[in-house]
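Let me begin by presenting the structure, written as structure tokens, before commenting on it.
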Amino acid sequence: MVSNETKSLQQLLQGLTKKKLSPLDFLAKGSVTERVISLVLGEAVPPGALGLNREWQQLSAGLRDFDVSDLTVVVFGGGTGLSNIVGGDSRRPGWRHTPFTGLKEVFPNLHSIVCVTDDGGSTGEILKDFPLVPLGDLRHVLLSSIRKTTLKNKFQLDDQAACGVASGLHTLFNYRFISPPASAEQLLADSTTDLDLFPESLADYLCELVNRLFGDQCMTRALKRPQCLGNLLLAAAIYTNLPSSLAAIEPATSRKQVQAATMKGLSELSLAIGAESKSVLPCTTTSAQLQVLYANGVLVTGECKSGSASRGYPVGRALVEFSDDPLLPDEVVELIREADVIIMAPGSLYSSIIPILQVPGLADLIRQNKTALKLLVANIWVQKGETDATRDAPERKFHVSDLILAYDHNISGGIQGLFSHVLTLDLADIPGSVLQNYAIEEKEPIYLDHSRVRELGLEPVEAYIFSRELLQQRNVIQHDPVSLSLVVQVLCGLRTGGFLSIPADNELLPFSRKFSANVRSDHMIPCLRYEEIRRKLETIDFKLLALKSSHAQDMAADARLRIFERIVEIIWRHPDIHPDHLKFVSGVCLIDTNCWKRCQEWDNVFSFYDPADGYVKIRRDQSEDPNRLEMAFLVGLGQSLLGNYAEEKRLEDVSFQGDNVGRIYCLTVREEHRLACFFSAAELDVFLKLCRMYPSREQERLYARLVNGEEGFTPPGLLFGLVFAWYLDNRFAPNIDYKMSIMKHELSYLIPEQVRIVGRREQLIRFFRENVFGRHLPQIRLSA
């Protein structure tokens, strides 16, 4: 039944739009929807139309007062973008002064579904100890979801006291520490949280969670790392609901029990601090990691790592690797089915919406909800080069249609049925000086191309939805939670009244891509990987060869611990390194510069793997700088995968009419039954041929390569180590990056050798992706 409020709004809109010269015609450019929104957002009445002021005021008031209290709203997104539109960015210091804003204050039945691929900062630290999904973004959005009405009703508070509670929670949840706290009391004191701001029951609950951090062995271990207290409180709430047998990290940990504890712990903490029980939910409780496939074929695992990479190639595809078959919480399924409004929040393109919609079944649930209003809030900025692979001309400006095509390219089934309207802002309202500042940070604005967005089957809605306050105070452009929530409310009113523009059918995307879930074959979750890394490294030796020693000595305890922890962090930082990659490493030996005897004829790499004793040997001065140590260790670790593959290596001179014109590098591979190597003989053969080592027709296991004149040469072992390091982080092997740069240029079939070189580079990258790091891309199929 249509309410009297809706009827009144319908009549008002009909009266305004049926006139030959509608009052809306006096407003700014754009569609009827955009003009109505500009009116509600406070556009000044044109001087020549003051006589229509009453009708404008009636329409604006009718839409502002449109009742949305019964609507179920589901918002998808990552950390900052999602938390900002839900209730303001709760990590900002200024949030404590205005905590009650955004969608949560307009739509009381609001639910956030959060991405769980974050692995940086304190979230990454907590992943080392707990078999849980990343907690940082959940904590961030949860704090933003605290509602004034809920706090007041739950604890019988006035407005000032409710704001005090939110301010105290902001202090507590955002407190970060580096050194381990001595006690629960000391931790609370260091956080500077005023517990007197909290009602007694809330203070008792929070103190109980803090005390648990010191009474649980797993929690106590986590206190030794740099942490965000809010993440630990959420972990404690979850662990409270785990049976004691699961409190320690074991491979047999029940996924279903962890899921139940995660959902219950989130619900309990939400209710305790003044949010609703299902205000914040993870998109899955299965451990997941973001993977980025670059156009050159390199696949990088890890959200933090891919976010800071400077690969120099466009992103070809974004994937999510799940530790097991992904679990989709029943609460999420129910909410999507019941949703009246579905919103895709702004955020980093590849680490926000896309990972959520790659959880099997989730995107289809959104498509199956045929009645919900579905909105995409377009990003304001895109990191330079982030989505070039989806653009027909990477050198031109980035447009909203490019953003949409990137979603379509990376979501199984494409964008069909996921959203119908795209909210964006008018960049003409942003000063050029501000745009220039962002350009320095390698961020480029996203421009709205109305016609192409409509051709994609979507309706663009341009509105003034960024924060004027942040622009004036800090020259920062960010979505304004108040304006955005008001725009969504207006769209709900227009839709209910039958005046929301409905987009035409898609004309440009006749086919969609389907791909299956990308599940890790060994089902290893991050905390188990971390434990395995430490366990394997604890079994190897750490030695030092000094000038006055005839042989390497065990490192002093403090030096050993320092190098041990650094190497643990190096391996942890690269999720593509599997603990099995340490199989042939017996030890690490630092060698004083004066004792360094390795031949540097071909290179200036000051590390190598010695198959004679299984040690990664590093010149000691390399350990003094973290970046140089990382590069040196990665090269040695990569070489170790070849093990004892080389039975003999030799150089033979090549003469012509008495002159030396070059040399032949000869390598004999060890017999297969004596081979201690990460690869099979067949895989070794593939690699050596990619190194342009030619197999002898007459002698088995013999490979050779001609080195012209005085030209340099990278032997297969060194090349393997350098490519291993380069694949993980191209900054560590600039010479390999230079060799690979030929792939950036358009192929010229006038020069067949260029085609062959590019082909070899592509095959080498594929060998490392699949044979070294065990990454196989999910199959893609097209469907109409």
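Going by the structure tokens order, chains are called A, B, ..., each with residues numbered from 1, while ligands are numbered from 1 in the order shown.
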Exercise: Leu242 in chain A partners within 6 Å, only C-alpha atoms, chain neighbours under 2 positions left out, as a count of residues only: 3
Close residues, range 70-82 of chain A itself excluded, 7 Å, only C-alpha atoms, min 2 positions apart in chain, as a PyMOL selection string: chain A and resi 68+84-86+89+109-115+137+140-141+336+338-347+352-353
DSSP strand (DSSP E or B) residues within range 316-528 of chain A, as a ChimeraX atom specification: /A:316-322,341-344,373-377,381-383,398-399,421-424,443-447,459-462,466,479,512-515,518-519
All residues 8 Å or closer to range 574-584 of chain A, only C-alpha atoms, same chain fewer than 6 positions away omitted, as a VMD selection string: chain A and resid 300 to 302 305 529 532 to 533 536 614 637 640 to 641 643 676 to 678 728 773
Contacts of Ala704 in chain A within 8 Å, only C-alpha atoms, excl. fewer than 6 positions in-chain, as a ChimeraX atom specification: /A:664-667,693-696
Can you write just those residues out, N, CA and C atoms, as an mmCIF file, in the first residue's frame?
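And here is the file that came out, part-v8.cif:
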data_model
loop_
_atom_site.group_PDB
_atom_site.id
_atom_site.type_symbol
_atom_site.label_atom_id
_atom_site.label_comp_id
_atom_site.auth_asym_id
_atom_site.auth_seq_id
_atom_site.Cartn_x
_atom_site.Cartn_y
_atom_site.Cartn_z
ATOM 1 N N ILE A 664 82.949 -20.549 -24.788
ATOM 2 C CA ILE A 664 81.757 -21.393 -24.663
ATOM 3 C C ILE A 664 81.609 -21.786 -23.199
ATOM 4 N N TYR A 665 80.441 -21.465 -22.648
ATOM 5 C CA TYR A 665 80.140 -21.852 -21.266
ATOM 6 C C TYR A 665 79.460 -23.220 -21.329
ATOM 7 N N CYS A 666 80.066 -24.196 -20.700
ATOM 8 C CA CYS A 666 79.540 -25.566 -20.716
ATOM 9 C C CYS A 666 79.044 -25.954 -19.323
ATOM 10 N N LEU A 667 77.917 -26.593 -19.263
ATOM 11 C CA LEU A 667 77.319 -26.998 -17.989
ATOM 12 C C LEU A 667 76.795 -28.420 -18.130
ATOM 13 N N MET A 693 70.697 -21.874 -23.132
ATOM 14 C CA MET A 693 71.682 -22.952 -23.036
ATOM 15 C C MET A 693 71.206 -24.061 -23.978
ATOM 16 N N TYR A 694 72.080 -24.458 -24.885
ATOM 17 C CA TYR A 694 71.681 -25.412 -25.926
ATOM 18 C C TYR A 694 72.127 -26.818 -25.541
ATOM 19 N N PRO A 695 71.193 -27.797 -25.541
ATOM 20 C CA PRO A 695 71.550 -29.171 -25.185
ATOM 21 C C PRO A 695 72.380 -29.831 -26.277
ATOM 22 N N SER A 696 73.369 -30.571 -25.841
ATOM 23 C CA SER A 696 74.218 -31.296 -26.786
ATOM 24 C C SER A 696 73.458 -32.456 -27.412
#
Atomic separation - CA of Gln227 in chain A relative to CA of Ile178 in chain A, Å: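 Result for CA of Ile178 in chain A versus CA of Gln227 in chain A: 6.8 Å, one decimal.
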A:Leu425, A:Leu651, A:Val723, A:Val755 ranked by distance to Phe767 in chain A, top pick (using only C-alpha atoms):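 Closest to Phe767 in chain A, using only C-alpha atoms: A:Val723.
Residues within 12 Å of Ile757 in chain A, counting only C-alpha atoms and excluding same-chain residues fewer than 2 positions away, are Leu690, Cys691, Arg692, Lys739, Met740, Ser741, Ile742, Met743, Leu747, Ser748, Tyr749, Ile751, Pro752, Glu753, Gln754, Val755, Gly759, Arg760, Arg761, Glu762, Gln763 and Leu764 of chain A.
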